[in-house]
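K.L.:
Please find work_39.cif (mmCIF, N, CA and C atoms) on the next line:
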data_final
loop_
_atom_site.label_atom_id
_atom_site.label_comp_id
_atom_site.auth_asym_id
_atom_site.auth_seq_id
_atom_site.Cartn_x
_atom_site.Cartn_y
_atom_site.Cartn_z
N MET A 1 31.53 9.66 1.55
CA MET A 1 30.89 8.36 1.51
C MET A 1 30.25 8.10 0.13
N MET A 2 29.55 9.11 -0.38
CA MET A 2 28.88 8.97 -1.68
C MET A 2 29.90 8.69 -2.79
N LYS A 3 31.06 9.35 -2.71
CA LYS A 3 32.11 9.15 -3.70
C LYS A 3 32.56 7.69 -3.72
N TYR A 4 32.68 7.07 -2.56
CA TYR A 4 33.09 5.67 -2.48
C TYR A 4 32.02 4.74 -3.03
N LEU A 5 30.76 5.05 -2.77
CA LEU A 5 29.67 4.22 -3.28
C LEU A 5 29.61 4.27 -4.80
N ILE A 6 29.79 5.46 -5.35
CA ILE A 6 29.79 5.60 -6.82
C ILE A 6 30.98 4.84 -7.40
N GLY A 7 32.16 5.00 -6.79
CA GLY A 7 33.34 4.29 -7.25
C GLY A 7 33.16 2.78 -7.19
N PHE A 8 32.59 2.30 -6.09
CA PHE A 8 32.33 0.87 -5.95
C PHE A 8 31.36 0.39 -7.01
N GLY A 9 30.32 1.20 -7.29
CA GLY A 9 29.33 0.85 -8.32
C GLY A 9 29.96 0.74 -9.69
N LEU A 10 30.87 1.65 -10.01
CA LEU A 10 31.55 1.60 -11.31
C LEU A 10 32.44 0.37 -11.40
N ILE A 11 33.15 0.06 -10.35
CA ILE A 11 34.01 -1.14 -10.35
C ILE A 11 33.17 -2.40 -10.51
N ALA A 12 32.04 -2.46 -9.81
CA ALA A 12 31.15 -3.63 -9.92
C ALA A 12 30.60 -3.75 -11.33
N ALA A 13 30.24 -2.63 -11.96
CA ALA A 13 29.70 -2.66 -13.33
C ALA A 13 30.76 -3.16 -14.31
N VAL A 14 32.00 -2.69 -14.17
CA VAL A 14 33.08 -3.14 -15.05
C VAL A 14 33.34 -4.63 -14.83
N ALA A 15 33.37 -5.06 -13.59
CA ALA A 15 33.60 -6.48 -13.29
C ALA A 15 32.50 -7.34 -13.88
N ALA A 16 31.26 -6.89 -13.83
CA ALA A 16 30.15 -7.66 -14.39
C ALA A 16 30.30 -7.78 -15.90
N CYS A 17 30.73 -6.70 -16.56
CA CYS A 17 30.92 -6.76 -18.02
C CYS A 17 32.04 -7.73 -18.38
N VAL A 18 33.14 -7.67 -17.65
CA VAL A 18 34.27 -8.55 -17.94
C VAL A 18 33.87 -10.00 -17.68
N GLN A 19 33.15 -10.26 -16.60
CA GLN A 19 32.76 -11.62 -16.25
C GLN A 19 31.80 -12.20 -17.29
N SER A 20 30.85 -11.40 -17.78
CA SER A 20 29.87 -11.92 -18.73
C SER A 20 30.46 -12.12 -20.12
N ALA A 21 31.63 -11.53 -20.39
CA ALA A 21 32.24 -11.65 -21.70
C ALA A 21 33.17 -12.85 -21.80
N THR A 22 33.11 -13.77 -20.86
CA THR A 22 33.96 -14.94 -20.92
C THR A 22 33.33 -16.00 -21.82
N MET A 23 34.15 -16.85 -22.33
CA MET A 23 33.69 -17.93 -23.19
C MET A 23 32.77 -18.85 -22.38
N PRO A 24 31.59 -19.18 -22.92
CA PRO A 24 30.70 -20.10 -22.21
C PRO A 24 31.29 -21.50 -22.17
N ASP A 25 30.86 -22.28 -21.18
CA ASP A 25 31.36 -23.64 -21.08
C ASP A 25 30.44 -24.60 -21.84
N ALA A 26 30.88 -25.82 -21.95
CA ALA A 26 30.17 -26.84 -22.73
C ALA A 26 28.78 -27.13 -22.18
N SER A 27 28.59 -27.03 -20.87
CA SER A 27 27.27 -27.34 -20.31
C SER A 27 26.22 -26.34 -20.77
N GLU A 28 26.61 -25.08 -20.93
CA GLU A 28 25.68 -24.07 -21.44
C GLU A 28 25.29 -24.42 -22.89
N GLY A 29 26.25 -24.85 -23.66
CA GLY A 29 25.98 -25.26 -25.03
C GLY A 29 25.19 -26.56 -25.11
N GLY A 30 25.38 -27.44 -24.11
CA GLY A 30 24.63 -28.69 -24.08
C GLY A 30 23.13 -28.45 -23.97
N ALA A 31 22.75 -27.45 -23.19
CA ALA A 31 21.33 -27.11 -23.07
C ALA A 31 20.78 -26.59 -24.39
N ILE A 32 21.56 -25.80 -25.09
CA ILE A 32 21.14 -25.28 -26.40
C ILE A 32 21.03 -26.43 -27.40
N PHE A 33 21.99 -27.35 -27.34
CA PHE A 33 21.97 -28.52 -28.23
C PHE A 33 20.71 -29.35 -27.98
N ALA A 34 20.41 -29.62 -26.72
CA ALA A 34 19.23 -30.44 -26.38
C ALA A 34 17.95 -29.80 -26.90
N GLU A 35 17.89 -28.48 -26.87
CA GLU A 35 16.69 -27.77 -27.29
C GLU A 35 16.56 -27.63 -28.80
N ASN A 36 17.68 -27.51 -29.50
CA ASN A 36 17.63 -27.18 -30.93
C ASN A 36 18.16 -28.25 -31.88
N CYS A 37 18.97 -29.17 -31.40
CA CYS A 37 19.69 -30.06 -32.31
C CYS A 37 19.44 -31.55 -32.10
N ALA A 38 19.16 -31.93 -30.86
CA ALA A 38 19.06 -33.36 -30.52
C ALA A 38 17.93 -34.06 -31.27
N GLN A 39 16.90 -33.34 -31.67
CA GLN A 39 15.79 -33.96 -32.38
C GLN A 39 16.26 -34.66 -33.65
N CYS A 40 17.21 -34.04 -34.34
CA CYS A 40 17.74 -34.64 -35.58
C CYS A 40 19.08 -35.34 -35.36
N HIS A 41 19.98 -34.70 -34.62
CA HIS A 41 21.33 -35.23 -34.45
C HIS A 41 21.44 -36.24 -33.32
N GLY A 42 20.39 -36.40 -32.53
CA GLY A 42 20.41 -37.37 -31.44
C GLY A 42 20.97 -36.78 -30.16
N VAL A 43 20.60 -37.36 -29.04
CA VAL A 43 21.02 -36.88 -27.74
C VAL A 43 22.55 -36.84 -27.63
N GLY A 44 23.21 -37.82 -28.18
CA GLY A 44 24.68 -37.88 -28.12
C GLY A 44 25.36 -37.23 -29.31
N GLY A 45 24.59 -36.68 -30.26
CA GLY A 45 25.16 -36.00 -31.42
C GLY A 45 25.62 -36.91 -32.54
N LYS A 46 25.21 -38.18 -32.52
CA LYS A 46 25.70 -39.15 -33.51
C LYS A 46 24.86 -39.21 -34.80
N GLY A 47 23.86 -38.31 -34.91
CA GLY A 47 23.05 -38.29 -36.13
C GLY A 47 21.87 -39.23 -36.08
N ASP A 48 21.50 -39.69 -34.89
CA ASP A 48 20.45 -40.70 -34.76
C ASP A 48 19.21 -40.20 -34.02
N GLY A 49 18.88 -38.94 -34.20
CA GLY A 49 17.69 -38.38 -33.56
C GLY A 49 16.40 -38.86 -34.21
N LEU A 50 15.31 -38.77 -33.47
CA LEU A 50 14.01 -39.25 -33.97
C LEU A 50 13.59 -38.55 -35.25
N TRP A 51 13.76 -37.24 -35.33
CA TRP A 51 13.34 -36.51 -36.53
C TRP A 51 14.25 -36.79 -37.71
N GLY A 52 15.47 -37.24 -37.45
CA GLY A 52 16.44 -37.48 -38.51
C GLY A 52 16.27 -38.80 -39.24
N LYS A 53 15.50 -39.71 -38.65
CA LYS A 53 15.30 -41.01 -39.29
C LYS A 53 14.61 -40.82 -40.64
N GLY A 54 15.20 -41.37 -41.65
CA GLY A 54 14.63 -41.27 -42.98
C GLY A 54 15.03 -40.02 -43.74
N MET A 55 15.72 -39.09 -43.10
CA MET A 55 16.18 -37.89 -43.83
C MET A 55 17.26 -38.30 -44.81
N LYS A 56 17.21 -37.71 -45.97
CA LYS A 56 18.24 -37.93 -46.98
C LYS A 56 18.78 -36.58 -47.37
N PRO A 57 20.01 -36.27 -47.08
CA PRO A 57 20.97 -37.08 -46.36
C PRO A 57 20.64 -37.12 -44.87
N ALA A 58 21.20 -38.11 -44.21
CA ALA A 58 21.00 -38.26 -42.76
C ALA A 58 21.73 -37.13 -42.04
N PRO A 59 21.24 -36.74 -40.86
CA PRO A 59 21.96 -35.73 -40.08
C PRO A 59 23.38 -36.20 -39.77
N ALA A 60 24.29 -35.25 -39.73
CA ALA A 60 25.70 -35.56 -39.51
C ALA A 60 25.96 -36.11 -38.11
N ASP A 61 26.97 -36.94 -38.01
CA ASP A 61 27.48 -37.40 -36.72
C ASP A 61 28.39 -36.29 -36.22
N LEU A 62 27.92 -35.53 -35.26
CA LEU A 62 28.64 -34.35 -34.78
C LEU A 62 29.76 -34.69 -33.81
N THR A 63 29.95 -35.98 -33.53
CA THR A 63 31.07 -36.39 -32.67
C THR A 63 32.33 -36.64 -33.50
N GLN A 64 32.21 -36.51 -34.82
CA GLN A 64 33.33 -36.81 -35.72
C GLN A 64 33.73 -35.58 -36.55
N LEU A 65 33.72 -34.41 -35.94
CA LEU A 65 34.05 -33.18 -36.67
C LEU A 65 35.55 -32.88 -36.67
N SER A 66 36.31 -33.64 -35.92
CA SER A 66 37.76 -33.40 -35.80
C SER A 66 38.58 -34.62 -36.22
N PRO A 67 38.37 -35.12 -37.43
CA PRO A 67 39.10 -36.34 -37.81
C PRO A 67 40.62 -36.17 -37.80
N GLY A 68 41.10 -34.97 -38.06
CA GLY A 68 42.54 -34.73 -38.05
C GLY A 68 43.07 -34.28 -36.71
N GLY A 69 42.19 -34.26 -35.70
CA GLY A 69 42.60 -33.87 -34.37
C GLY A 69 42.32 -32.42 -34.02
N GLU A 70 42.18 -31.55 -34.99
CA GLU A 70 41.91 -30.13 -34.73
C GLU A 70 40.44 -29.83 -34.98
N PHE A 71 39.78 -29.25 -34.00
CA PHE A 71 38.37 -28.92 -34.13
C PHE A 71 38.22 -27.69 -35.04
N PRO A 72 37.44 -27.80 -36.12
CA PRO A 72 37.32 -26.71 -37.09
C PRO A 72 36.33 -25.63 -36.64
N ARG A 73 36.76 -24.81 -35.68
CA ARG A 73 35.88 -23.82 -35.07
C ARG A 73 35.18 -22.91 -36.08
N ALA A 74 35.94 -22.29 -36.98
CA ALA A 74 35.36 -21.34 -37.93
C ALA A 74 34.31 -22.03 -38.81
N HIS A 75 34.63 -23.21 -39.29
CA HIS A 75 33.69 -23.94 -40.15
C HIS A 75 32.42 -24.32 -39.38
N VAL A 76 32.59 -24.82 -38.16
CA VAL A 76 31.43 -25.22 -37.36
C VAL A 76 30.52 -24.02 -37.11
N LEU A 77 31.10 -22.89 -36.74
CA LEU A 77 30.29 -21.68 -36.50
C LEU A 77 29.55 -21.25 -37.76
N SER A 78 30.23 -21.30 -38.90
CA SER A 78 29.59 -20.83 -40.13
C SER A 78 28.50 -21.78 -40.61
N VAL A 79 28.60 -23.06 -40.31
CA VAL A 79 27.54 -24.00 -40.68
C VAL A 79 26.33 -23.81 -39.77
N ILE A 80 26.58 -23.68 -38.46
CA ILE A 80 25.47 -23.52 -37.53
C ILE A 80 24.69 -22.25 -37.83
N ASP A 81 25.40 -21.15 -38.07
CA ASP A 81 24.68 -19.89 -38.28
C ASP A 81 24.12 -19.75 -39.69
N GLY A 82 24.40 -20.73 -40.55
CA GLY A 82 23.84 -20.71 -41.90
C GLY A 82 24.65 -19.93 -42.90
N TYR A 83 25.78 -19.36 -42.48
CA TYR A 83 26.58 -18.54 -43.38
C TYR A 83 27.21 -19.35 -44.49
N ASP A 84 27.75 -20.52 -44.16
CA ASP A 84 28.43 -21.32 -45.17
C ASP A 84 28.06 -22.79 -45.03
N ARG A 85 27.33 -23.26 -45.99
CA ARG A 85 27.02 -24.69 -46.03
C ARG A 85 27.50 -25.29 -47.34
N THR A 86 28.51 -24.66 -47.92
CA THR A 86 29.11 -25.12 -49.16
C THR A 86 29.63 -26.54 -49.00
N GLY A 87 29.29 -27.39 -49.94
CA GLY A 87 29.78 -28.76 -49.92
C GLY A 87 29.00 -29.69 -49.02
N LEU A 88 28.01 -29.17 -48.31
CA LEU A 88 27.20 -30.03 -47.45
C LEU A 88 26.01 -30.55 -48.24
N PRO A 89 25.74 -31.82 -48.16
CA PRO A 89 24.60 -32.36 -48.90
C PRO A 89 23.28 -31.91 -48.29
N GLY A 90 22.33 -31.61 -49.15
CA GLY A 90 20.99 -31.25 -48.67
C GLY A 90 20.94 -29.90 -47.99
N GLN A 91 19.75 -29.43 -47.79
CA GLN A 91 19.54 -28.15 -47.14
C GLN A 91 18.53 -28.30 -46.01
N GLU A 92 18.53 -29.45 -45.36
CA GLU A 92 17.53 -29.75 -44.34
C GLU A 92 17.73 -29.00 -43.04
N MET A 93 18.97 -28.70 -42.70
CA MET A 93 19.23 -28.07 -41.42
C MET A 93 18.78 -26.62 -41.45
N PRO A 94 17.91 -26.26 -40.50
CA PRO A 94 17.45 -24.86 -40.47
C PRO A 94 18.52 -23.93 -39.94
N GLU A 95 18.34 -22.64 -40.21
CA GLU A 95 19.20 -21.63 -39.61
C GLU A 95 18.59 -21.27 -38.27
N PHE A 96 19.42 -21.05 -37.30
CA PHE A 96 18.95 -20.75 -35.95
C PHE A 96 19.23 -19.30 -35.63
N GLY A 97 18.33 -18.41 -36.04
CA GLY A 97 18.50 -16.98 -35.84
C GLY A 97 18.64 -16.58 -34.39
N LEU A 98 17.97 -17.31 -33.48
CA LEU A 98 18.06 -16.96 -32.06
C LEU A 98 19.46 -17.16 -31.52
N LEU A 99 20.25 -18.03 -32.16
CA LEU A 99 21.62 -18.23 -31.72
C LEU A 99 22.51 -17.05 -32.07
N LEU A 100 22.01 -16.15 -32.90
CA LEU A 100 22.79 -15.00 -33.33
C LEU A 100 22.44 -13.74 -32.55
N GLN A 101 21.61 -13.88 -31.53
CA GLN A 101 21.17 -12.72 -30.75
C GLN A 101 21.82 -12.72 -29.38
N GLY A 102 21.75 -11.58 -28.73
CA GLY A 102 22.27 -11.46 -27.37
C GLY A 102 23.69 -10.95 -27.33
N GLU A 103 24.29 -11.04 -26.14
CA GLU A 103 25.64 -10.53 -25.94
C GLU A 103 26.65 -11.34 -26.75
N THR A 104 27.79 -10.74 -27.00
CA THR A 104 28.85 -11.43 -27.71
C THR A 104 30.00 -11.74 -26.74
N VAL A 105 30.74 -12.76 -27.09
CA VAL A 105 31.93 -13.14 -26.33
C VAL A 105 33.08 -13.27 -27.32
N PRO A 106 34.31 -13.04 -26.86
CA PRO A 106 35.45 -13.19 -27.77
C PRO A 106 35.78 -14.67 -27.99
N VAL A 107 35.87 -15.05 -29.26
CA VAL A 107 36.18 -16.44 -29.61
C VAL A 107 37.33 -16.45 -30.61
N ASP A 108 38.34 -17.28 -30.33
CA ASP A 108 39.41 -17.51 -31.28
C ASP A 108 38.95 -18.63 -32.19
N VAL A 109 38.70 -18.30 -33.47
CA VAL A 109 38.19 -19.30 -34.40
C VAL A 109 39.31 -20.08 -35.09
N GLY A 110 40.52 -19.92 -34.60
CA GLY A 110 41.64 -20.67 -35.15
C GLY A 110 42.69 -19.83 -35.82
N ASP A 111 42.44 -18.52 -35.94
CA ASP A 111 43.40 -17.65 -36.59
C ASP A 111 44.13 -16.75 -35.60
N GLY A 112 43.89 -16.97 -34.30
CA GLY A 112 44.54 -16.18 -33.27
C GLY A 112 43.90 -14.84 -33.01
N VAL A 113 42.85 -14.51 -33.75
CA VAL A 113 42.15 -13.24 -33.57
C VAL A 113 40.87 -13.50 -32.79
N MET A 114 40.66 -12.73 -31.74
CA MET A 114 39.45 -12.88 -30.95
C MET A 114 38.30 -12.20 -31.71
N THR A 115 37.31 -12.99 -32.09
CA THR A 115 36.19 -12.50 -32.88
C THR A 115 34.94 -12.43 -32.02
N PRO A 116 34.25 -11.28 -31.98
CA PRO A 116 33.00 -11.19 -31.22
C PRO A 116 31.97 -12.15 -31.81
N THR A 117 31.48 -13.05 -30.99
CA THR A 117 30.56 -14.10 -31.43
C THR A 117 29.38 -14.14 -30.47
N PRO A 118 28.15 -14.24 -31.00
CA PRO A 118 27.00 -14.33 -30.09
C PRO A 118 27.19 -15.48 -29.09
N ARG A 119 26.91 -15.20 -27.83
CA ARG A 119 27.15 -16.17 -26.75
C ARG A 119 26.49 -17.52 -27.01
N PRO A 120 25.21 -17.58 -27.43
CA PRO A 120 24.61 -18.90 -27.66
C PRO A 120 25.35 -19.71 -28.74
N LEU A 121 25.80 -19.04 -29.77
CA LEU A 121 26.53 -19.71 -30.84
C LEU A 121 27.87 -20.23 -30.32
N ALA A 122 28.56 -19.42 -29.53
CA ALA A 122 29.84 -19.84 -28.94
C ALA A 122 29.63 -21.00 -27.97
N ALA A 123 28.53 -20.97 -27.22
CA ALA A 123 28.25 -22.05 -26.26
C ALA A 123 28.01 -23.37 -27.00
N LEU A 124 27.24 -23.32 -28.08
CA LEU A 124 26.98 -24.53 -28.86
C LEU A 124 28.26 -25.07 -29.46
N MET A 125 29.12 -24.19 -29.94
CA MET A 125 30.41 -24.63 -30.47
C MET A 125 31.24 -25.30 -29.38
N ALA A 126 31.25 -24.73 -28.18
CA ALA A 126 32.00 -25.32 -27.07
C ALA A 126 31.48 -26.72 -26.75
N TYR A 127 30.16 -26.88 -26.79
CA TYR A 127 29.59 -28.20 -26.53
C TYR A 127 30.01 -29.19 -27.62
N LEU A 128 29.89 -28.80 -28.86
CA LEU A 128 30.26 -29.70 -29.95
C LEU A 128 31.73 -30.09 -29.87
N GLN A 129 32.57 -29.15 -29.49
CA GLN A 129 33.99 -29.48 -29.34
C GLN A 129 34.19 -30.49 -28.20
N SER A 130 33.36 -30.39 -27.17
CA SER A 130 33.51 -31.29 -26.02
C SER A 130 33.07 -32.72 -26.30
N ILE A 131 32.26 -32.96 -27.34
CA ILE A 131 31.77 -34.32 -27.61
C ILE A 131 32.56 -35.03 -28.71
N GLN A 132 33.65 -34.43 -29.14
CA GLN A 132 34.43 -35.05 -30.21
C GLN A 132 35.05 -36.38 -29.78
N GLN A 133 34.96 -37.34 -30.68
CA GLN A 133 35.48 -38.68 -30.40
C GLN A 133 36.52 -39.12 -31.41
N GLY A 134 36.78 -38.30 -32.39
CA GLY A 134 37.67 -38.72 -33.45
C GLY A 134 38.98 -38.10 -33.37
#
Translate this structure into structure tokens?
P.N.:
Amino acid sequence: MMKYLIGFGLIAAVAACVQSATMPDASEGGAIFAENCAQCHGVGGKGDGLWGKGMKPAPADLTQLSPGGEFPRAHVLSVIDGYDRTGLPGQEMPEFGLLLQGETVPVDVGDGVMTPTPRPLAALMAYLQSIQQG
């Protein structure tokens, strides 16, 4: 009996690890966006948040990140985490260190390679991809 309980426990532990390593959905990222980004980028991500009024340059319209139809995953992740802001006007957007903590999930950033990415960062990217209008 004990052997079966231990075996069941190991199977449950492996299943929990596999389940938690899935890509987060847009709703998880929406909560992160509301807490960290909406103040400047606006509730709908159009760059019209209360804190963004009068900023020069104005916060970006995050609904227009895919003008060519393909969402630039790698670029979006690198801008959010502060790694690459080359060519972006101003330095007003803070880096969000808390988005870089916690468990990682595999994310294909467009090169076909699954890259371990902090879950909150992946969730925010999923949300931004879901609000694209262009």
K.L.:
When distances are computed from all atoms listed in the file, which of A:Glu103, A:Asp61, A:Asp25, A:Glu70 shows the smallest separation from Thr117 in chain A?
P.N.:
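Using all atoms listed in the file, the shortest distance to Thr117 in chain A belongs to A:Glu103.
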K.L.:
Please report, as number ranges by chain, each residue of range 13-120 of chain A to which DSSP assigns alpha helix (DSSP H) when run on this structure's backbone.
P.N.:
A: 13-20, 26-36, 38-41, 73-80, 119-120
K.L.:
Could you write out as a ChimeraX atom specification the residues that the PyMOL selection byres (((chain A and resi 126-130 and name CA) around 7) and name CA) matches in the shown file?
P.N.:
/A:25-27,29-30,62,71,122-125,131-132
K.L.:
Given the file above and the PyMOL selection byres ((chain A and resi 110-112) around 8), which residues are selected, and can you give them as an MDAnalysis selection string?
P.N.:
chainID A and resid 71:74 107:109 113:115
K.L.:
I'd like the contact shell of Leu99 in chain A - 7 Å cut-off, only N, CA and C atoms, skipping same-chain residues fewer than 5 positions apart - returned as a ChimeraX atom specification.
P.N.:
/A:118-122
K.L.:
Please compute the atom C of Gly52 in chain A-atom N of Pro94 in chain A distance, one decimal, in Å.
P.N.:
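Atom N of Pro94 in chain A lies at a distance of 12.7 Å from atom C of Gly52 in chain A.
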K.L.:
Around the point (36.1, -15.1, -26.3), in the coordinates given by the file, pick out the residues reaching within 6 Å, counting all atoms listed in the file, and return them as a list in words.
P.N.:
Ala21, Thr22, Met23, Val105, Pro106, Val107 and Asp108 of chain A
K.L.:
Please indicate the distance in Å from CA of Cys40 in chain A to CA of Pro24 in chain A, rounded to one decimal place.
P.N.:
23.6 Å
K.L.:
How far is it from CA of Gln64 in chain A to atom N of Gly97 in chain A, in Å with one decimal?
P.N.:
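Those two atoms sit 23.7 Å apart.
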K.L.:
Taking only range 13-123 of chain A into account, list the residues labelled strand (DSSP E) by DSSP (computed from the backbone), as an MDAnalysis selection string.
P.N.:
chainID A and resid 104:108 114:118
